[in-house]
>>> print(open('target-v4.pdb').read())   # PDB, C-alpha atoms and all ligand atoms
ATOM      1  CA  MET A 759     102.247  82.256 -38.960
ATOM      2  CA  ASP A 760     103.754  83.692 -42.170
ATOM      3  CA  ILE A 761     107.239  82.819 -43.366
ATOM      4  CA  GLN A 762     108.717  86.158 -42.247
ATOM      5  CA  ASN A 763     107.614  85.637 -38.652
ATOM      6  CA  ASN A 764     108.688  82.063 -38.807
ATOM      7  CA  ARG A 765     112.307  83.011 -39.584
ATOM      8  CA  THR A 766     112.292  85.750 -36.988
ATOM      9  CA  GLU A 767     110.772  83.360 -34.484
ATOM     10  CA  GLN A 768     113.380  80.663 -35.160
ATOM     11  CA  LEU A 769     116.213  83.183 -34.842
ATOM     12  CA  ARG A 770     114.739  84.476 -31.606
ATOM     13  CA  LYS A 771     114.702  80.922 -30.282
ATOM     14  CA  ILE A 772     118.425  80.648 -31.037
ATOM     15  CA  LYS A 773     118.996  83.894 -29.166
ATOM     16  CA  ASP A 774     117.090  82.608 -26.146
ATOM     17  CA  GLU A 775     119.092  79.381 -26.156
ATOM     18  CA  VAL A 776     122.451  81.175 -26.377
ATOM     19  CA  VAL A 777     121.428  83.568 -23.610
ATOM     20  CA  ALA A 778     120.627  80.555 -21.420
ATOM     21  CA  LEU A 779     123.705  78.539 -22.462
ATOM     22  CA  LYS A 780     125.732  77.476 -19.453
ATOM     23  CA  ASP A 781     127.825  74.725 -21.067
ATOM     24  CA  SER A 782     130.488  77.062 -22.382
ATOM     25  CA  PRO A 783     133.423  78.349 -20.328
ATOM     26  CA  LEU A 784     132.721  81.704 -22.012
ATOM     27  CA  TYR A 785     129.335  81.879 -20.286
ATOM     28  CA  LYS A 786     131.160  82.441 -16.982
ATOM     29  CA  GLU A 787     133.148  85.275 -18.581
ATOM     30  CA  ARG A 788     129.917  86.843 -19.783
ATOM     31  CA  ILE A 789     128.425  86.804 -16.300
ATOM     32  CA  LYS A 790     131.641  87.982 -14.624
ATOM     33  CA  ASN A 791     132.067  90.901 -17.059
ATOM     34  CA  LYS A 792     128.336  91.694 -17.286
ATOM     35  CA  THR A 793     128.519  91.523 -21.093
ATOM     36  CA  PHE A 794     126.171  90.134 -23.754
ATOM     37  CA  PRO A 795     126.333  87.272 -26.211
ATOM     38  CA  VAL A 796     126.364  88.424 -29.831
ATOM     39  CA  ILE A 797     123.904  86.431 -31.896
ATOM     40  CA  GLY A 798     123.892  88.241 -35.226
ATOM     41  CA  GLU A 799     122.074  91.044 -36.999
ATOM     42  CA  GLY A 800     120.727  91.961 -40.393
ATOM     43  CA  ASP A 801     118.177  90.892 -42.960
ATOM     44  CA  HIS A 802     116.620  87.501 -42.217
ATOM     45  CA  TYR A 803     116.314  87.111 -46.007
ATOM     46  CA  ALA A 804     119.886  88.218 -46.753
ATOM     47  CA  LYS A 805     121.557  86.864 -49.874
ATOM     48  CA  ILE A 806     124.965  87.272 -48.236
ATOM     49  CA  MET A 807     125.871  86.024 -44.775
ATOM     50  CA  PHE A 808     129.136  87.214 -43.217
ATOM     51  CA  ILE A 809     130.688  85.009 -40.581
ATOM     52  CA  GLY A 810     133.378  86.382 -38.291
ATOM     53  CA  GLU A 811     135.248  84.770 -35.449
ATOM     54  CA  ALA A 812     133.969  85.930 -32.068
ATOM     55  CA  PRO A 813     132.824  89.156 -30.445
ATOM     56  CA  GLY A 814     135.446  91.651 -29.277
ATOM     57  CA  LYS A 815     135.070  94.109 -26.383
ATOM     58  CA  ASN A 816     132.705  96.570 -28.094
ATOM     59  CA  GLU A 817     130.569  93.751 -29.454
ATOM     60  CA  ALA A 818     130.252  92.021 -26.063
ATOM     61  CA  GLU A 819     129.329  95.318 -24.434
ATOM     62  CA  THR A 820     126.593  96.084 -26.948
ATOM     63  CA  GLY A 821     125.480  92.641 -28.148
ATOM     64  CA  ARG A 822     126.065  93.732 -31.780
ATOM     65  CA  PRO A 823     128.501  92.094 -34.232
ATOM     66  CA  PHE A 824     131.290  94.132 -35.809
ATOM     67  CA  CYS A 825     130.573  97.458 -34.100
ATOM     68  CA  GLY A 826     134.165  98.326 -33.047
ATOM     69  CA  ALA A 827     137.349  98.976 -35.046
ATOM     70  CA  SER A 828     136.886  95.890 -37.269
ATOM     71  CA  GLY A 829     133.255  96.868 -37.781
ATOM     72  CA  LYS A 830     134.289 100.289 -39.033
ATOM     73  CA  ILE A 831     136.468  98.587 -41.659
ATOM     74  CA  LEU A 832     133.680  96.164 -42.538
ATOM     75  CA  ASP A 833     131.319  99.123 -43.051
ATOM     76  CA  GLU A 834     133.851 100.755 -45.387
ATOM     77  CA  LEU A 835     134.289  97.516 -47.338
ATOM     78  CA  LEU A 836     130.548  97.078 -47.730
ATOM     79  CA  ALA A 837     130.232 100.673 -48.908
ATOM     80  CA  SER A 838     133.090 100.145 -51.397
ATOM     81  CA  ALA A 839     131.066  97.323 -52.982
ATOM     82  CA  GLY A 840     127.830  99.342 -52.823
ATOM     83  CA  ILE A 841     126.262  96.888 -50.370
ATOM     84  CA  GLU A 842     124.009  98.165 -47.597
ATOM     85  CA  ARG A 843     124.850  96.724 -44.185
ATOM     86  CA  LYS A 844     121.181  96.232 -43.392
ATOM     87  CA  SER A 845     120.743  94.034 -46.501
ATOM     88  CA  VAL A 846     123.196  91.356 -45.286
ATOM     89  CA  TYR A 847     123.303  89.149 -42.202
ATOM     90  CA  ILE A 848     126.380  89.351 -39.969
ATOM     91  CA  THR A 849     127.298  86.852 -37.291
ATOM     92  CA  ASN A 850     130.225  84.943 -35.766
ATOM     93  CA  ILE A 851     131.021  81.298 -35.084
ATOM     94  CA  VAL A 852     131.538  81.902 -31.372
ATOM     95  CA  LYS A 853     128.822  83.982 -29.755
ATOM     96  CA  ASP A 854     130.576  85.042 -26.527
ATOM     97  CA  ARG A 855     133.803  87.013 -26.198
ATOM     98  CA  PRO A 856     136.950  84.980 -25.491
ATOM     99  CA  PRO A 857     138.984  86.637 -22.704
ATOM    100  CA  PHE A 858     141.553  89.148 -23.996
ATOM    101  CA  ASN A 859     140.258  88.451 -27.541
ATOM    102  CA  ARG A 860     142.287  85.245 -27.680
ATOM    103  CA  ASP A 861     141.630  82.767 -30.507
ATOM    104  CA  PRO A 862     138.546  80.621 -29.965
ATOM    105  CA  LEU A 863     139.294  77.120 -28.659
ATOM    106  CA  PRO A 864     138.148  74.023 -30.591
ATOM    107  CA  GLU A 865     135.727  73.218 -27.772
ATOM    108  CA  GLU A 866     134.173  76.699 -27.995
ATOM    109  CA  ILE A 867     133.807  76.364 -31.764
ATOM    110  CA  ARG A 868     132.170  72.972 -31.238
ATOM    111  CA  ILE A 869     129.633  74.354 -28.755
ATOM    112  CA  TYR A 870     128.674  77.554 -30.590
ATOM    113  CA  SER A 871     128.830  76.323 -34.196
ATOM    114  CA  THR A 872     125.593  74.389 -33.695
ATOM    115  CA  PHE A 873     123.849  77.778 -33.451
ATOM    116  CA  LEU A 874     125.641  79.029 -36.555
ATOM    117  CA  ASP A 875     124.554  75.910 -38.468
ATOM    118  CA  ARG A 876     120.938  76.658 -37.560
ATOM    119  CA  GLN A 877     121.279  80.329 -38.551
ATOM    120  CA  ILE A 878     122.517  79.245 -42.001
ATOM    121  CA  ASP A 879     119.599  76.814 -42.377
ATOM    122  CA  ILE A 880     117.091  79.520 -41.421
ATOM    123  CA  ILE A 881     118.485  82.393 -43.510
ATOM    124  CA  GLN A 882     119.451  80.239 -46.509
ATOM    125  CA  PRO A 883     122.023  82.674 -47.929
ATOM    126  CA  LYS A 884     123.173  82.408 -51.547
ATOM    127  CA  ALA A 885     126.689  83.378 -50.507
ATOM    128  CA  ILE A 886     128.636  82.853 -47.321
ATOM    129  CA  ALA A 887     131.554  85.228 -46.855
ATOM    130  CA  THR A 888     133.887  84.060 -44.120
ATOM    131  CA  LEU A 889     135.931  86.682 -42.277
ATOM    132  CA  GLY A 890     139.232  85.241 -41.087
ATOM    133  CA  ARG A 891     140.710  81.772 -40.938
ATOM    134  CA  PHE A 892     138.546  80.292 -38.165
ATOM    135  CA  SER A 893     135.260  80.764 -39.971
ATOM    136  CA  MET A 894     136.898  79.857 -43.296
ATOM    137  CA  ASP A 895     138.128  76.593 -41.853
ATOM    138  CA  TYR A 896     134.823  75.774 -40.203
ATOM    139  CA  ILE A 897     132.647  76.577 -43.233
ATOM    140  CA  MET A 898     134.892  74.808 -45.764
ATOM    141  CA  ARG A 899     134.840  71.646 -43.647
ATOM    142  CA  LYS A 900     131.109  71.920 -42.940
ATOM    143  CA  PHE A 901     130.427  71.861 -46.688
ATOM    144  CA  GLY A 902     132.859  69.009 -47.437
ATOM    145  CA  LEU A 903     135.522  71.222 -48.998
ATOM    146  CA  ASP A 904     138.304  70.019 -46.681
ATOM    147  CA  ASN A 905     140.592  69.207 -49.613
ATOM    148  CA  GLU A 906     140.459  72.789 -50.866
ATOM    149  CA  ILE A 907     141.749  74.280 -47.613
ATOM    150  CA  THR A 908     145.154  75.944 -47.717
ATOM    151  CA  VAL A 909     146.383  79.164 -46.127
ATOM    152  CA  ILE A 910     144.039  82.143 -46.203
ATOM    153  CA  SER A 911     146.599  84.173 -48.199
ATOM    154  CA  LYS A 912     145.986  81.731 -51.094
ATOM    155  CA  MET A 913     142.227  81.394 -50.654
ATOM    156  CA  HIS A 914     140.965  84.916 -50.035
ATOM    157  CA  GLY A 915     138.628  86.258 -52.703
ATOM    158  CA  LYS A 916     138.194  82.886 -54.428
ATOM    159  CA  VAL A 917     134.758  81.403 -54.927
ATOM    160  CA  PHE A 918     133.964  77.841 -53.851
ATOM    161  CA  TYR A 919     130.688  76.062 -54.501
ATOM    162  CA  ALA A 920     128.670  73.892 -52.148
ATOM    163  CA  ARG A 921     125.397  72.065 -52.689
ATOM    164  CA  VAL A 922     122.940  72.543 -49.831
ATOM    165  CA  ASN A 923     119.343  71.411 -49.352
ATOM    166  CA  TYR A 924     118.018  74.679 -50.884
ATOM    167  CA  GLY A 925     120.389  74.800 -53.893
ATOM    168  CA  LEU A 926     123.928  75.738 -54.844
ATOM    169  CA  ILE A 927     125.702  78.358 -52.742
ATOM    170  CA  LYS A 928     128.969  80.230 -53.068
ATOM    171  CA  ILE A 929     131.541  80.338 -50.313
ATOM    172  CA  ILE A 930     133.944  83.241 -50.408
ATOM    173  CA  PRO A 931     136.806  83.267 -47.900
ATOM    174  CA  LEU A 932     137.916  86.782 -46.985
ATOM    175  CA  TYR A 933     140.563  88.177 -44.677
ATOM    176  CA  HIS A 934     139.308  89.310 -41.300
ATOM    177  CA  PRO A 935     138.730  93.112 -41.442
ATOM    178  CA  ALA A 936     140.989  93.508 -38.362
ATOM    179  CA  VAL A 937     144.005  92.873 -40.630
ATOM    180  CA  ALA A 938     143.280  96.194 -42.332
ATOM    181  CA  VAL A 939     143.022  98.328 -39.208
ATOM    182  CA  TYR A 940     146.692  99.363 -39.470
ATOM    183  CA  ASN A 941     147.586  98.024 -42.918
ATOM    184  CA  ASN A 942     146.417  99.777 -46.068
ATOM    185  CA  ASN A 943     147.744  97.101 -48.438
ATOM    186  CA  MET A 944     145.553  94.534 -46.736
ATOM    187  CA  LYS A 945     142.651  96.946 -46.959
ATOM    188  CA  GLN A 946     143.154  97.180 -50.704
ATOM    189  CA  ASP A 947     143.161  93.358 -50.940
ATOM    190  CA  LEU A 948     139.894  93.321 -49.013
ATOM    191  CA  ILE A 949     138.363  96.027 -51.227
ATOM    192  CA  ASN A 950     139.297  93.977 -54.308
ATOM    193  CA  ASP A 951     137.866  90.789 -52.788
ATOM    194  CA  PHE A 952     134.611  92.494 -51.819
ATOM    195  CA  LYS A 953     133.942  93.173 -55.522
ATOM    196  CA  VAL A 954     133.057  89.460 -55.836
ATOM    197  CA  LEU A 955     130.058  90.177 -53.614
ATOM    198  CA  GLU A 956     128.581  92.863 -55.887
ATOM    199  CA  GLN A 957     126.671  90.178 -57.835
ATOM    200  CA  PHE A 958     124.528  89.467 -54.751
ATOM    201  CA  LYS A 959     123.239  93.019 -54.211
TER     202      LYS A 959
HETATM  203  N1  LIG B1001     135.716  90.363 -34.758
HETATM  204  C1  LIG B1001     134.903  89.338 -35.067
HETATM  205  O1  LIG B1001     135.344  88.300 -35.540
HETATM  206  N2  LIG B1001     133.617  89.493 -34.842
HETATM  207  C2  LIG B1001     133.066  90.606 -34.357
HETATM  208  O2  LIG B1001     131.858  90.652 -34.184
HETATM  209  C3  LIG B1001     133.944  91.663 -34.058
HETATM  210  C4  LIG B1001     135.258  91.526 -34.267
END
>>> encode(input="target-v4.pdb", output="structure tokens")
Amino acid sequence: MDIQNNRTEQLRKIKDEVVALKDSPLYKERIKNKTFPVIGEGDHYAKIMFIGEAPGKNEAETGRPFCGASGKILDELLASAGIERKSVYITNIVKDRPPFNRDPLPEEIRIYSTFLDRQIDIIQPKAIATLGRFSMDYIMRKFGLDNEITVISKMHGKVFYARVNYGLIKIIPLYHPAVAVYNNNMKQDLINDFKVLEQFK
């Protein structure tokens, strides 16, 4: 089996496991609402991995990350930096939709983050761009950067470094695109922050 198939195969295994996951309270929601888990999509060799929070309504109905209002903003931000959506990998910490889009609970993050950890190991991105405070918090802690954590308004757009088993990677906390749906100033902040990602095209 070549490397390409190997990555695809490993990611497919994650998908199968999430589909079969019954441990999470969100699994019951998925069955009740006849929705889908959202595993992730994009290039399995992406240099940049975007990590959001959890699927919203559109995402749970289609099984695709960032395909609703926040996704439209994300697409605009990618375009502003000249980055093709298909060249990056996009996923979330929590793979099922929390009811009424409430914040994910610590227990849900604990259950689903094991899949995210494996996705990072498989894709081996050079940069991880977190979208919103939940993924920022999780990723900073995962890479031992606990002491650097403050509020997202102070961290967005900054670059942090982490050593991983395949080299040195950059972690770039970003605001969640949802903040820009009705707020053009926030959108401008996001556009400015996305310029940091141009080096990974
Ligand atoms: N918000 C997220 O955090 N993730 C999505 O996939 C969609 C909206």
>>> resolve_selection(input="target-v4.pdb", expression="the PyMOL selection byres (((not hetatm)) within 8 of (chain B and resi 1001))", output="MDAnalysis selection string")
chainID A and resid 796 809:814 816:817 822:829 849:850 889:890 934:936
>>> write_last_selection(input="target-v4.pdb", atoms="C-alpha atoms", output="compact mmCIF listing (two decimals), keeping the file's coordinate frame")
# COMPACT_ATOMS: atom_id res chain seq x y z
CA VAL A 796 126.36 88.42 -29.83
CA ILE A 809 130.69 85.01 -40.58
CA GLY A 810 133.38 86.38 -38.29
CA GLU A 811 135.25 84.77 -35.45
CA ALA A 812 133.97 85.93 -32.07
CA PRO A 813 132.82 89.16 -30.44
CA GLY A 814 135.45 91.65 -29.28
CA ASN A 816 132.71 96.57 -28.09
CA GLU A 817 130.57 93.75 -29.45
CA ARG A 822 126.06 93.73 -31.78
CA PRO A 823 128.50 92.09 -34.23
CA PHE A 824 131.29 94.13 -35.81
CA CYS A 825 130.57 97.46 -34.10
CA GLY A 826 134.16 98.33 -33.05
CA ALA A 827 137.35 98.98 -35.05
CA SER A 828 136.89 95.89 -37.27
CA GLY A 829 133.26 96.87 -37.78
CA THR A 849 127.30 86.85 -37.29
CA ASN A 850 130.22 84.94 -35.77
CA LEU A 889 135.93 86.68 -42.28
CA GLY A 890 139.23 85.24 -41.09
CA HIS A 934 139.31 89.31 -41.30
CA PRO A 935 138.73 93.11 -41.44
CA ALA A 936 140.99 93.51 -38.36
>>> closest_residue(input="target-v4.pdb", among="A:Glu956, A:Asp781, A:Glu767, A:Glu834", to="Tyr870 of chain A", atoms="all atoms listed in the file")
A:Asp781
>>> closest_residue(input="target-v4.pdb", among="A:Gln768, A:Leu835, A:Glu842, A:Ser871", to="Gln946 of chain A", atoms="only C-alpha atoms")
A:Leu835
>>> closest_residue(input="target-v4.pdb", among="A:Lys884, A:His914, A:Lys773, A:Arg788", to="Tyr847 of chain A", atoms="all atoms listed in the file")
A:Lys884
>>> atom_distance(input="target-v4.pdb", atom1="atom CA of Asn941 of chain A", atom2="atom CA of Leu836 of chain A")
17.7 Å
>>> closest_residue(input="target-v4.pdb", among="A:Ile797, A:Ile880, A:Val777, A:Ile831", to="Lys945 of chain A", atoms="only C-alpha atoms")
A:Ile831
>>> closest_residue(input="target-v4.pdb", among="A:His802, A:Lys928, A:Arg868, A:Arg891", to="Leu955 of chain A", atoms="only C-alpha atoms")
A:Lys928
>>> residues_around(input="target-v4.pdb", residues="Asp904 of chain A", least_positions_apart="4", cutoff="12 Å", atoms="all atoms listed in the file", output="MDAnalysis selection string")
chainID A and resid 894:900 908 918 920
>>> write_last_selection(input="target-v4.pdb", atoms="C-alpha atoms", output="mmCIF file, keeping the file's coordinate frame")
data_model
loop_
_atom_site.group_PDB
_atom_site.id
_atom_site.type_symbol
_atom_site.label_atom_id
_atom_site.label_comp_id
_atom_site.auth_asym_id
_atom_site.auth_seq_id
_atom_site.Cartn_x
_atom_site.Cartn_y
_atom_site.Cartn_z
ATOM 1 C CA MET A 894 136.898 79.857 -43.296
ATOM 2 C CA ASP A 895 138.128 76.593 -41.853
ATOM 3 C CA TYR A 896 134.823 75.774 -40.203
ATOM 4 C CA ILE A 897 132.647 76.577 -43.233
ATOM 5 C CA MET A 898 134.892 74.808 -45.764
ATOM 6 C CA ARG A 899 134.840 71.646 -43.647
ATOM 7 C CA LYS A 900 131.109 71.920 -42.940
ATOM 8 C CA THR A 908 145.154 75.944 -47.717
ATOM 9 C CA PHE A 918 133.964 77.841 -53.851
ATOM 10 C CA ALA A 920 128.670 73.892 -52.148
#
>>> closest_residue(input="target-v4.pdb", among="A:Ile927, A:Val852, A:Ala885, A:Ile841", to="Tyr785 of chain A", atoms="only C-alpha atoms")
A:Val852
>>> resolve_selection(input="target-v4.pdb", expression="the PyMOL selection byres (((chain A and resi 860) around 12) and not hetatm)", output="PyMOL selection string")
chain A and resi 784+811-815+852+854-859+861-863+866
